[in-house]
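Student: Next up is a structure, given as structure tokens.
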Amino acid sequence: MDPSAVRERAGDLPREPGVYQFLDGDTVLYVGKAVDLRDRVPSYADPRSARVARMVDRADAIDFAVTDTETQALLLEANLIKRLNPRFNVRLKDDKSYPLVQFTDHAVPRIEVTRDPDEAATVFGPFTDRGRVDTAVKAIRETYGLRGCSDHKYEGRARPCLDYEMGLCSAPCTGEIDEATYREDVASAIRFFEGETGALADPLRREMEAAAERQEFERAANLRDRLETVESFHGAGEEAVSDRTDERAVDVLGAAVEGDSAVVARLHSERGQLVDRSRHSLDAPDAEDRVAEVLSAFLVQYYAERELPDAVLLSERPADEDVLAWLEAEGVAVRVPGAGREAKLVELALKNARSGPARRDELSALADALGIDRPERIEGFDVSHAQGTRVVGSDVCFVDGSAEKADYRRKKLTDRNDDYANMRELVRWRAERAVEGRDDRPDPDLLLIDGGDGQLGAARDALAEVGWDVPAVALAKEEELVITPDGVHRWDDDAPHLHLLQRVRDEAHRFAVQYHQTLRDDVSTVLDDVPGIGPETRRRLLRRFGSVENVRAASEADLLDVPGVGRKTASELKARL
């Protein structure tokens, strides 16, 4: 590639973290990472060394994959280099990987930080900050007394070792704690690494407060510092990918449709590490729910001649039930996650599916077609329900043509089987919050309603009632007609501004359906709004009390008896329920 070709390709890349690959046909010559792909890749037009110059000269294409964080880009780069062994990458001679935390497959599991986990162990990670991981593991051991000794040292002991005297181990080796109780402590530690921060933060906070009351201020300060590390452990994006421990190979699929073509992005994880990604082009079907049809076709065609993973995470449920039955018969778990870490992986796959050449003119083209100012910020609205039950609405946001996940919102609506009234309530809710200054997001330049003339009329009625002056249009499925206050428009199938509206509409639909499925599949999601309540703690609360109503009626003392529920969480439960 000559310098001008590198700069031209770089101009098409997104301004997001990710990895890039220089290719010679199907051969990967070089893999790199970037905080901002569009800023990083142009530097190769002026190579820093003769080796890089030779690589660029041989390359005929540049491919890329976006990630959510710089950490994910770092880890994906490392795994791709190890997997592909590109000729022009420099590899460390010791070929070390990033540290992981494992709980060994033993009747009395051991916790340790390792770079080479056991085959049958329960593994979390990888992590990039070894110091942060060591702090968390030490806090786990001091809180729950988990052993760190080898199996050889564990067997045949007559008395506890020094770790017991130091408060780092509860000494199951000599019966100071029975194995059943020890395994409960292991389960609590695993919950922390699964994302339930309160499983470790709450007991640390209680011990810090007790130390302060005893005027042991130095210990209280040490516990405070450790608590800060623990509370930021998951929020800092340290863990790039984490899978269920019984699923060693997981594929994550996200599909995006534009015009008469579709792209399916696949992320592949092995033993909790994101190790590969690919994008695949398909013809888009002529159907009402084209994403579901695309996923059905892809699953059959892609896996017909490939080894099946243990699980497949999807952005939407496939349209063909026979495909799901086939995967189930083959022992493949199929999930459409509504929340949590798995849902974030699906969103990352969707981001890769939607990442293509920059569409610099689509916003201007949309502005010209609608006769409005250039809509830098577009919000899309859709409603989902089942025969008028568990009615929900979605409000997604696109900035400069790309999804702005942080500005997504969702709302439970009044249960009724009336799409027009539901859309009116949803848009009125957004408009009132904007006019009253209760929404911290900027006002959009355009509202896009998923539906036809009736849904658009309901939305415009809500805007007029509140007095929020924002232009609104609708996009109807099947015929892909654009409905405006001035009439109905049929734009060319390959029009870039139509593709932009389709992306916003499809994302609003996906986000609404995802939320509805979450409510439909788990009526206890009222507990999700309480800080400190993760999926495992929610299940324990429901197992203990039987229903949300019984949780509401329980005393704070009863709530504190549930593992994972600290004093702060119990107070929040009582206040919110």
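As shown in the structure tokens, the chain order sets the letters A, B, ...; within each chain, residues go from 1, and ligands are also counted from 1 in the order they appear.
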What's around Arg354 (chain A) at 10 Å? Count only C-alpha atoms, leave out sequence neighbours fewer than 3 positions away in its own chain, and write the answer as a CSV table (one decimal) with N, CA, C and O atoms, in the first residue's frame.
Tutor:
```csv
chain,number,residue,atom,x,y,z
A,254,GLY,N,-23.6,-10.5,16.5
A,254,GLY,CA,-24.4,-9.3,16.3
A,254,GLY,C,-24.6,-9.1,14.8
A,254,GLY,O,-23.7,-9.2,14.0
A,255,ALA,N,-25.9,-8.8,14.4
A,255,ALA,CA,-26.2,-8.6,13.0
A,255,ALA,C,-26.7,-7.2,12.8
A,255,ALA,O,-27.5,-6.7,13.6
A,256,ALA,N,-26.3,-6.6,11.7
A,256,ALA,CA,-26.8,-5.3,11.2
A,256,ALA,C,-27.2,-5.4,9.8
A,256,ALA,O,-26.5,-6.0,9.0
A,257,VAL,N,-28.4,-4.8,9.5
A,257,VAL,CA,-28.9,-4.8,8.1
A,257,VAL,C,-29.0,-3.4,7.5
A,257,VAL,O,-29.4,-2.5,8.2
A,258,GLU,N,-28.5,-3.2,6.3
A,258,GLU,CA,-28.6,-1.9,5.7
A,258,GLU,C,-28.9,-2.2,4.2
A,258,GLU,O,-28.2,-2.9,3.5
A,262,ALA,N,-26.4,-7.4,4.6
A,262,ALA,CA,-26.3,-7.5,6.0
A,262,ALA,C,-24.9,-7.9,6.4
A,262,ALA,O,-24.2,-8.5,5.6
A,263,VAL,N,-24.5,-7.6,7.7
A,263,VAL,CA,-23.2,-8.0,8.2
A,263,VAL,C,-23.5,-8.7,9.6
A,263,VAL,O,-24.2,-8.2,10.4
A,264,VAL,N,-22.8,-9.8,9.7
A,264,VAL,CA,-22.8,-10.5,11.0
A,264,VAL,C,-21.4,-10.5,11.6
A,264,VAL,O,-20.5,-10.9,10.9
A,265,ALA,N,-21.3,-9.9,12.8
A,265,ALA,CA,-19.9,-9.8,13.4
A,265,ALA,C,-19.9,-11.0,14.5
A,265,ALA,O,-20.9,-11.2,15.2
A,348,LEU,N,-21.0,-5.2,21.9
A,348,LEU,CA,-19.7,-5.1,21.3
A,348,LEU,C,-19.7,-5.7,19.9
A,348,LEU,O,-19.2,-5.2,18.9
A,349,ALA,N,-20.4,-6.9,19.8
A,349,ALA,CA,-20.5,-7.6,18.5
A,349,ALA,C,-21.3,-6.7,17.5
A,349,ALA,O,-21.0,-6.6,16.3
A,350,LEU,N,-22.4,-6.1,18.1
A,350,LEU,CA,-23.2,-5.2,17.2
A,350,LEU,C,-22.4,-4.0,16.8
A,350,LEU,O,-22.6,-3.6,15.6
A,351,LYS,N,-21.6,-3.5,17.6
A,351,LYS,CA,-20.8,-2.3,17.3
A,351,LYS,C,-19.9,-2.7,16.1
A,351,LYS,O,-19.7,-1.9,15.1
A,357,PRO,N,-17.1,1.4,6.4
A,357,PRO,CA,-16.6,2.7,5.9
A,357,PRO,C,-17.3,3.9,6.4
A,357,PRO,O,-18.6,3.8,6.6
A,402,SER,N,-23.4,7.3,14.9
A,402,SER,CA,-23.0,6.1,15.7
A,402,SER,C,-23.8,6.0,17.0
A,402,SER,O,-24.1,7.1,17.6
A,403,ALA,N,-24.0,4.8,17.4
A,403,ALA,CA,-24.8,4.6,18.7
A,403,ALA,C,-24.1,5.2,19.9
A,403,ALA,O,-22.8,5.0,20.0
A,503,ARG,N,-30.7,2.1,10.8
A,503,ARG,CA,-29.8,1.7,11.9
A,503,ARG,C,-30.4,2.2,13.2
A,503,ARG,O,-30.5,1.4,14.2
```
Student: Among region 109-318 of chain A, which ones does DSSP assign to strand (DSSP E or B) (computed from the backbone)? Answer as a ChimeraX atom specification.
Tutor: /A:111-114,122-124,249-258,261-270,273-283,311-314
Student: Keeping N, CA and C atoms for every residue in the selection just given, could you write it to a file as a tab-separated table (two decimals), in the first residue's frame?
Tutor:
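Dumped everything to again-v5.tsv:
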```
chain	number	residue	atom	x	y	z
A	111	ILE	N	-7.54	-20.66	45.78
A	111	ILE	CA	-7.58	-19.47	44.94
A	111	ILE	C	-6.16	-19.03	44.65
A	112	GLU	N	-5.90	-18.66	43.39
A	112	GLU	CA	-4.57	-18.18	43.03
A	112	GLU	C	-4.63	-17.35	41.76
A	113	VAL	N	-3.62	-16.49	41.61
A	113	VAL	CA	-3.42	-15.73	40.38
A	113	VAL	C	-2.45	-16.52	39.52
A	114	THR	N	-2.77	-16.73	38.27
A	114	THR	CA	-1.96	-17.59	37.41
A	114	THR	C	-2.00	-17.09	35.97
A	122	THR	N	-12.15	-23.16	37.72
A	122	THR	CA	-13.07	-22.04	37.45
A	122	THR	C	-12.20	-20.79	37.32
A	123	VAL	N	-12.23	-20.16	36.13
A	123	VAL	CA	-11.25	-19.13	35.79
A	123	VAL	C	-11.95	-17.81	35.50
A	124	PHE	N	-11.35	-16.72	35.96
A	124	PHE	CA	-11.85	-15.37	35.67
A	124	PHE	C	-10.70	-14.52	35.15
A	249	ALA	N	-15.89	-22.50	25.17
A	249	ALA	CA	-15.89	-21.79	23.90
A	249	ALA	C	-17.24	-21.13	23.69
A	250	VAL	N	-17.24	-19.82	23.50
A	250	VAL	CA	-18.47	-19.06	23.35
A	250	VAL	C	-18.34	-18.15	22.13
A	251	ASP	N	-19.36	-18.17	21.27
A	251	ASP	CA	-19.43	-17.25	20.15
A	251	ASP	C	-20.49	-16.19	20.44
A	252	VAL	N	-20.17	-14.95	20.12
A	252	VAL	CA	-21.10	-13.83	20.30
A	252	VAL	C	-21.39	-13.25	18.92
A	253	LEU	N	-22.67	-13.20	18.55
A	253	LEU	CA	-23.05	-12.77	17.21
A	253	LEU	C	-23.94	-11.53	17.27
A	254	GLY	N	-23.58	-10.54	16.47
A	254	GLY	CA	-24.41	-9.34	16.31
A	254	GLY	C	-24.64	-9.10	14.84
A	255	ALA	N	-25.86	-8.81	14.45
A	255	ALA	CA	-26.20	-8.62	13.03
A	255	ALA	C	-26.73	-7.22	12.79
A	256	ALA	N	-26.33	-6.64	11.66
A	256	ALA	CA	-26.81	-5.33	11.25
A	256	ALA	C	-27.22	-5.41	9.78
A	257	VAL	N	-28.35	-4.78	9.46
A	257	VAL	CA	-28.89	-4.81	8.09
A	257	VAL	C	-28.96	-3.39	7.55
A	258	GLU	N	-28.46	-3.21	6.34
A	258	GLU	CA	-28.57	-1.93	5.65
A	258	GLU	C	-28.93	-2.19	4.20
A	261	SER	N	-28.25	-5.60	2.03
A	261	SER	CA	-27.11	-6.38	2.52
A	261	SER	C	-27.10	-6.39	4.04
A	262	ALA	N	-26.39	-7.37	4.59
A	262	ALA	CA	-26.31	-7.52	6.05
A	262	ALA	C	-24.89	-7.93	6.43
A	263	VAL	N	-24.52	-7.62	7.66
A	263	VAL	CA	-23.23	-8.00	8.20
A	263	VAL	C	-23.46	-8.68	9.55
A	264	VAL	N	-22.82	-9.83	9.75
A	264	VAL	CA	-22.83	-10.50	11.04
A	264	VAL	C	-21.41	-10.47	11.60
A	265	ALA	N	-21.25	-9.88	12.77
A	265	ALA	CA	-19.95	-9.85	13.44
A	265	ALA	C	-19.92	-10.97	14.46
A	266	ARG	N	-18.81	-11.71	14.50
A	266	ARG	CA	-18.65	-12.83	15.42
A	266	ARG	C	-17.44	-12.56	16.30
A	267	LEU	N	-17.65	-12.62	17.61
A	267	LEU	CA	-16.56	-12.59	18.58
A	267	LEU	C	-16.44	-13.98	19.17
A	268	HIS	N	-15.22	-14.48	19.32
A	268	HIS	CA	-15.02	-15.83	19.84
A	268	HIS	C	-14.19	-15.77	21.11
A	269	SER	N	-14.68	-16.41	22.15
A	269	SER	CA	-14.00	-16.44	23.44
A	269	SER	C	-13.68	-17.88	23.81
A	270	GLU	N	-12.47	-18.08	24.30
A	270	GLU	CA	-12.06	-19.40	24.79
A	270	GLU	C	-11.53	-19.24	26.21
A	273	GLN	N	-11.24	-15.73	27.50
A	273	GLN	CA	-10.43	-14.75	26.81
A	273	GLN	C	-10.96	-14.51	25.40
A	274	LEU	N	-11.08	-13.25	25.03
A	274	LEU	CA	-11.48	-12.89	23.68
A	274	LEU	C	-10.30	-13.14	22.75
A	275	VAL	N	-10.41	-14.14	21.87
A	275	VAL	CA	-9.25	-14.56	21.09
A	275	VAL	C	-9.41	-14.35	19.60
A	276	ASP	N	-10.61	-14.09	19.11
A	276	ASP	CA	-10.77	-13.96	17.67
A	276	ASP	C	-12.03	-13.15	17.37
A	277	ARG	N	-12.09	-12.60	16.15
A	277	ARG	CA	-13.28	-11.92	15.69
A	277	ARG	C	-13.30	-11.98	14.17
A	278	SER	N	-14.48	-11.91	13.59
A	278	SER	CA	-14.62	-11.93	12.14
A	278	SER	C	-15.91	-11.23	11.77
A	279	ARG	N	-16.00	-10.78	10.52
A	279	ARG	CA	-17.22	-10.18	9.99
A	279	ARG	C	-17.60	-10.90	8.72
A	280	HIS	N	-18.90	-11.10	8.52
A	280	HIS	CA	-19.39	-11.88	7.39
A	280	HIS	C	-20.53	-11.13	6.72
A	281	SER	N	-20.50	-11.06	5.40
A	281	SER	CA	-21.54	-10.37	4.63
A	281	SER	C	-22.56	-11.36	4.09
A	282	LEU	N	-23.82	-10.97	4.12
A	282	LEU	CA	-24.90	-11.79	3.60
A	282	LEU	C	-25.88	-10.89	2.84
A	283	ASP	N	-26.70	-11.51	2.01
A	283	ASP	CA	-27.81	-10.78	1.41
A	283	ASP	C	-28.92	-10.65	2.43
A	311	ALA	N	-21.64	-22.34	23.66
A	311	ALA	CA	-22.76	-21.41	23.78
A	311	ALA	C	-22.67	-20.37	22.68
A	312	VAL	N	-23.84	-19.85	22.30
A	312	VAL	CA	-23.93	-18.76	21.33
A	312	VAL	C	-24.77	-17.66	21.96
A	313	LEU	N	-24.22	-16.44	22.01
A	313	LEU	CA	-24.94	-15.27	22.49
A	313	LEU	C	-25.37	-14.46	21.27
A	314	LEU	N	-26.63	-14.06	21.22
A	314	LEU	CA	-27.19	-13.43	20.03
A	314	LEU	C	-27.78	-12.06	20.35
```
Student: Enumerate as number ranges by chain all residues of region 282-445 of chain A assigned to helix (DSSP H, G or I) by DSSP on the backbone, naming them with the chain letters and numbers the document uses.
Tutor: A: 290-303, 321-329, 341-354, 362-370, 405-407, 419-435
Student: How many Å separate CA of Gly259 (chain A) from CA of Arg505 (chain A)?
Tutor: 13.1 Å
Student: Tell me, as a PyMOL selection string, which residues lie within 9 Å of region 41-51 of chain A, counting only C-alpha atoms; anything in the same chain fewer than 4 positions away does not count.
Tutor: chain A and resi 1-11+13+20+34+36-37+55-56+88
Student: Those same residues - all heavy atoms - I'd like them written as a tab-separated table (two decimals), in the first residue's frame.
Tutor:
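Written out: selection21.tsv:
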```
chain	number	residue	atom	x	y	z
A	1	MET	N	0.85	-1.18	0.00
A	1	MET	CA	0.00	0.00	0.00
A	1	MET	C	0.89	1.24	0.00
A	1	MET	O	1.87	1.31	0.74
A	1	MET	CB	-0.91	0.04	1.24
A	1	MET	CG	-1.87	-1.13	1.35
A	1	MET	SD	-2.97	-1.02	2.79
A	1	MET	CE	-4.06	0.31	2.29
A	2	ASP	N	0.53	2.22	-0.81
A	2	ASP	CA	1.28	3.46	-0.77
A	2	ASP	C	0.69	4.37	0.31
A	2	ASP	O	-0.40	4.12	0.83
A	2	ASP	CB	1.27	4.14	-2.14
A	2	ASP	CG	-0.13	4.44	-2.64
A	2	ASP	OD1	-1.01	4.74	-1.80
A	2	ASP	OD2	-0.36	4.37	-3.86
A	3	PRO	N	1.40	5.45	0.68
A	3	PRO	CA	0.93	6.32	1.78
A	3	PRO	C	-0.47	6.86	1.56
A	3	PRO	O	-1.27	6.95	2.52
A	3	PRO	CB	1.98	7.43	1.80
A	3	PRO	CG	3.21	6.79	1.28
A	3	PRO	CD	2.76	5.83	0.22
A	4	SER	N	-0.82	7.23	0.35
A	4	SER	CA	-2.15	7.79	0.11
A	4	SER	C	-3.24	6.75	0.36
A	4	SER	O	-4.32	7.07	0.87
A	4	SER	CB	-2.25	8.32	-1.32
A	4	SER	OG	-2.06	7.27	-2.27
A	5	ALA	N	-2.96	5.48	0.02
A	5	ALA	CA	-3.94	4.42	0.25
A	5	ALA	C	-4.13	4.18	1.74
A	5	ALA	O	-5.25	3.93	2.21
A	5	ALA	CB	-3.50	3.13	-0.44
A	6	VAL	N	-3.03	4.26	2.51
A	6	VAL	CA	-3.14	4.09	3.96
A	6	VAL	C	-3.99	5.22	4.56
A	6	VAL	O	-4.88	4.98	5.39
A	6	VAL	CB	-1.74	4.08	4.61
A	6	VAL	CG1	-1.85	4.07	6.13
A	6	VAL	CG2	-0.95	2.86	4.15
A	7	ARG	N	-3.72	6.45	4.14
A	7	ARG	CA	-4.47	7.58	4.70
A	7	ARG	C	-5.95	7.50	4.31
A	7	ARG	O	-6.84	7.82	5.11
A	7	ARG	CB	-3.87	8.89	4.19
A	7	ARG	CG	-2.46	9.18	4.73
A	7	ARG	CD	-2.03	10.59	4.39
A	7	ARG	NE	-0.65	10.84	4.83
A	7	ARG	CZ	0.40	10.70	4.02
A	7	ARG	NH1	0.22	10.37	2.73
A	7	ARG	NH2	1.62	10.93	4.47
A	8	GLU	N	-6.22	7.07	3.06
A	8	GLU	CA	-7.62	6.97	2.63
A	8	GLU	C	-8.36	5.92	3.43
A	8	GLU	O	-9.49	6.14	3.88
A	8	GLU	CB	-7.66	6.62	1.14
A	8	GLU	CG	-9.08	6.52	0.59
A	8	GLU	CD	-9.10	6.19	-0.89
A	8	GLU	OE1	-8.02	6.10	-1.51
A	8	GLU	OE2	-10.22	6.01	-1.43
A	9	ARG	N	-7.73	4.76	3.66
A	9	ARG	CA	-8.37	3.71	4.46
A	9	ARG	C	-8.54	4.16	5.90
A	9	ARG	O	-9.58	3.91	6.53
A	9	ARG	CB	-7.54	2.44	4.41
A	9	ARG	CG	-8.13	1.28	5.23
A	9	ARG	CD	-9.45	0.82	4.66
A	9	ARG	NE	-9.98	-0.32	5.39
A	9	ARG	CZ	-11.10	-0.30	6.09
A	9	ARG	NH1	-11.83	0.82	6.17
A	9	ARG	NH2	-11.53	-1.38	6.71
A	10	ALA	N	-7.54	4.86	6.44
A	10	ALA	CA	-7.62	5.32	7.83
A	10	ALA	C	-8.78	6.29	8.02
A	10	ALA	O	-9.42	6.31	9.08
A	10	ALA	CB	-6.31	5.98	8.24
A	11	GLY	N	-9.06	7.09	6.99
A	11	GLY	CA	-10.16	8.02	7.10
A	11	GLY	C	-11.51	7.36	7.21
A	11	GLY	O	-12.49	7.99	7.64
A	13	LEU	N	-11.99	4.67	9.13
A	13	LEU	CA	-12.06	3.94	10.40
A	13	LEU	C	-12.80	4.76	11.46
A	13	LEU	O	-12.77	5.99	11.43
A	13	LEU	CB	-10.64	3.60	10.89
A	13	LEU	CG	-9.79	2.76	9.93
A	13	LEU	CD1	-8.42	2.50	10.54
A	13	LEU	CD2	-10.49	1.44	9.61
A	20	TYR	N	-6.28	-3.30	14.75
A	20	TYR	CA	-6.23	-3.22	13.29
A	20	TYR	C	-5.25	-4.27	12.78
A	20	TYR	O	-4.32	-4.68	13.49
A	20	TYR	CB	-5.83	-1.82	12.84
A	20	TYR	CG	-4.55	-1.30	13.45
A	20	TYR	CD1	-3.31	-1.53	12.85
A	20	TYR	CD2	-4.57	-0.61	14.66
A	20	TYR	CE1	-2.15	-1.09	13.43
A	20	TYR	CE2	-3.40	-0.15	15.25
A	20	TYR	CZ	-2.18	-0.40	14.63
A	20	TYR	OH	-1.03	0.03	15.21
A	34	ALA	N	-5.20	0.35	19.23
A	34	ALA	CA	-5.32	1.80	19.21
A	34	ALA	C	-6.40	2.26	20.16
A	34	ALA	O	-7.43	1.59	20.30
A	34	ALA	CB	-5.62	2.30	17.79
A	36	ASP	N	-7.74	5.21	19.51
A	36	ASP	CA	-8.57	5.82	18.47
A	36	ASP	C	-8.05	5.31	17.13
A	36	ASP	O	-6.97	5.70	16.67
A	36	ASP	CB	-8.47	7.35	18.55
A	36	ASP	CG	-9.38	8.06	17.56
A	36	ASP	OD1	-9.48	7.61	16.40
A	36	ASP	OD2	-9.97	9.09	17.92
A	37	LEU	N	-8.81	4.41	16.49
A	37	LEU	CA	-8.34	3.77	15.26
A	37	LEU	C	-8.04	4.78	14.16
A	37	LEU	O	-7.02	4.67	13.46
A	37	LEU	CB	-9.38	2.76	14.78
A	37	LEU	CG	-9.52	1.48	15.61
A	37	LEU	CD1	-10.81	0.76	15.28
A	37	LEU	CD2	-8.32	0.56	15.37
A	55	MET	N	6.53	-3.91	5.78
A	55	MET	CA	5.19	-4.47	6.06
A	55	MET	C	4.12	-3.69	5.31
A	55	MET	O	3.24	-4.28	4.65
A	55	MET	CB	4.93	-4.42	7.57
A	55	MET	CG	3.59	-5.00	8.00
A	55	MET	SD	2.21	-3.83	7.92
A	55	MET	CE	2.69	-2.68	9.19
A	56	VAL	N	4.17	-2.37	5.37
A	56	VAL	CA	3.15	-1.55	4.70
A	56	VAL	C	3.22	-1.75	3.19
A	56	VAL	O	2.20	-1.82	2.51
A	56	VAL	CB	3.33	-0.07	5.07
A	56	VAL	CG1	2.38	0.81	4.27
A	56	VAL	CG2	3.10	0.14	6.57
A	88	PHE	N	5.38	-9.61	11.07
A	88	PHE	CA	6.00	-8.33	11.40
A	88	PHE	C	5.72	-7.88	12.83
A	88	PHE	O	6.09	-6.76	13.18
A	88	PHE	CB	5.54	-7.26	10.40
A	88	PHE	CG	6.12	-7.45	9.03
A	88	PHE	CD1	5.44	-8.19	8.08
A	88	PHE	CD2	7.34	-6.90	8.70
A	88	PHE	CE1	5.98	-8.37	6.82
A	88	PHE	CE2	7.89	-7.07	7.44
A	88	PHE	CZ	7.21	-7.82	6.49
```
Student: Rounded to one decimal place, report the CA of Asp439 (chain A)-CA of Gly401 (chain A) distance in Å.
Tutor: 21.6 Å
Student: What's around region 315-322 of chain A at 8 Å? Count only C-alpha atoms, leave out sequence neighbours fewer than 3 positions away in its own chain, and write the answer as a PyMOL selection string.
Tutor: chain A and resi 253-255+289+291-296+325-326+336-337+346-347+350+510
Student: Neighbouring residues of Leu23 (chain A) were defined as those with any atom within 10 Å, considering only C-alpha atoms; residues of the same chain fewer than 4 positions away were excluded. Please report them as a list of chain:residue names.
Tutor: A:Thr27, A:Val28, A:Leu29, A:Tyr30, A:Val31, A:Met55, A:Val56, A:Arg58, A:Ala59, A:Asp60, A:Ala61, A:Ile62, A:Asp63, A:Pro86
Student: Using only N, CA, C and O atoms, please write the residues we just selected to a file, as a PDB file, in the first residue's frame.
Tutor:
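What landed in again.pdb:
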```pdb
ATOM      1  N   THR A  27      -3.415 -13.355   4.385  1.00  0.00           N
ATOM      2  CA  THR A  27      -2.349 -13.469   5.379  1.00  0.00           C
ATOM      3  C   THR A  27      -2.273 -12.203   6.223  1.00  0.00           C
ATOM      4  O   THR A  27      -2.213 -11.091   5.688  1.00  0.00           O
ATOM      5  N   VAL A  28      -2.277 -12.381   7.536  1.00  0.00           N
ATOM      6  CA  VAL A  28      -2.155 -11.245   8.454  1.00  0.00           C
ATOM      7  C   VAL A  28      -0.677 -10.940   8.651  1.00  0.00           C
ATOM      8  O   VAL A  28       0.086 -11.779   9.136  1.00  0.00           O
ATOM      9  N   LEU A  29      -0.265  -9.736   8.251  1.00  0.00           N
ATOM     10  CA  LEU A  29       1.126  -9.327   8.376  1.00  0.00           C
ATOM     11  C   LEU A  29       1.425  -8.696   9.724  1.00  0.00           C
ATOM     12  O   LEU A  29       2.519  -8.873  10.277  1.00  0.00           O
ATOM     13  N   TYR A  30       0.464  -7.940  10.245  1.00  0.00           N
ATOM     14  CA  TYR A  30       0.726  -7.171  11.463  1.00  0.00           C
ATOM     15  C   TYR A  30      -0.579  -6.901  12.188  1.00  0.00           C
ATOM     16  O   TYR A  30      -1.612  -6.636  11.551  1.00  0.00           O
ATOM     17  N   VAL A  31      -0.552  -6.984  13.511  1.00  0.00           N
ATOM     18  CA  VAL A  31      -1.701  -6.671  14.360  1.00  0.00           C
ATOM     19  C   VAL A  31      -1.289  -5.567  15.336  1.00  0.00           C
ATOM     20  O   VAL A  31      -0.224  -5.651  15.956  1.00  0.00           O
ATOM     21  N   MET A  55       6.528  -3.906   5.782  1.00  0.00           N
ATOM     22  CA  MET A  55       5.191  -4.465   6.060  1.00  0.00           C
ATOM     23  C   MET A  55       4.118  -3.689   5.309  1.00  0.00           C
ATOM     24  O   MET A  55       3.245  -4.282   4.652  1.00  0.00           O
ATOM     25  N   VAL A  56       4.170  -2.365   5.368  1.00  0.00           N
ATOM     26  CA  VAL A  56       3.154  -1.553   4.701  1.00  0.00           C
ATOM     27  C   VAL A  56       3.220  -1.754   3.194  1.00  0.00           C
ATOM     28  O   VAL A  56       2.201  -1.821   2.509  1.00  0.00           O
ATOM     29  N   ARG A  58       4.085  -4.409   1.572  1.00  0.00           N
ATOM     30  CA  ARG A  58       3.517  -5.711   1.207  1.00  0.00           C
ATOM     31  C   ARG A  58       2.004  -5.762   1.369  1.00  0.00           C
ATOM     32  O   ARG A  58       1.326  -6.529   0.694  1.00  0.00           O
ATOM     33  N   ALA A  59       1.460  -4.970   2.286  1.00  0.00           N
ATOM     34  CA  ALA A  59       0.027  -5.045   2.598  1.00  0.00           C
ATOM     35  C   ALA A  59      -0.816  -4.532   1.436  1.00  0.00           C
ATOM     36  O   ALA A  59      -0.425  -3.624   0.700  1.00  0.00           O
ATOM     37  N   ASP A  60      -1.974  -5.145   1.278  1.00  0.00           N
ATOM     38  CA  ASP A  60      -2.922  -4.673   0.262  1.00  0.00           C
ATOM     39  C   ASP A  60      -4.276  -4.293   0.854  1.00  0.00           C
ATOM     40  O   ASP A  60      -5.180  -3.871   0.136  1.00  0.00           O
ATOM     41  N   ALA A  61      -4.438  -4.457   2.187  1.00  0.00           N
ATOM     42  CA  ALA A  61      -5.706  -4.106   2.837  1.00  0.00           C
ATOM     43  C   ALA A  61      -5.485  -3.913   4.326  1.00  0.00           C
ATOM     44  O   ALA A  61      -4.485  -4.391   4.890  1.00  0.00           O
ATOM     45  N   ILE A  62      -6.393  -3.193   4.957  1.00  0.00           N
ATOM     46  CA  ILE A  62      -6.379  -2.998   6.409  1.00  0.00           C
ATOM     47  C   ILE A  62      -7.749  -3.391   6.953  1.00  0.00           C
ATOM     48  O   ILE A  62      -8.770  -2.895   6.467  1.00  0.00           O
ATOM     49  N   ASP A  63      -7.778  -4.286   7.916  1.00  0.00           N
ATOM     50  CA  ASP A  63      -9.014  -4.686   8.565  1.00  0.00           C
ATOM     51  C   ASP A  63      -8.978  -4.201  10.008  1.00  0.00           C
ATOM     52  O   ASP A  63      -7.917  -3.843  10.530  1.00  0.00           O
ATOM     53  N   PRO A  86       1.708 -13.134  13.385  1.00  0.00           N
ATOM     54  CA  PRO A  86       2.012 -12.298  12.219  1.00  0.00           C
ATOM     55  C   PRO A  86       3.517 -12.079  12.083  1.00  0.00           C
ATOM     56  O   PRO A  86       4.231 -11.888  13.076  1.00  0.00           O
TER      57      PRO A  86
END
```
Student: Which value, in Å to one decimal, gives the distance between CA of Tyr144 (chain A) and CA of Cys169 (chain A)?
Tutor: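 Separation between CA of Tyr144 (chain A) and CA of Cys169 (chain A): 7.7 Å.
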Student: Find the residue from A:Arg110, A:His509, A:Arg159, A:His516 that sits nearest to Arg141 (chain A); use only C-alpha atoms when measuring.
Tutor: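 The answer is A:Arg110, which sits nearest to Arg141 (chain A).
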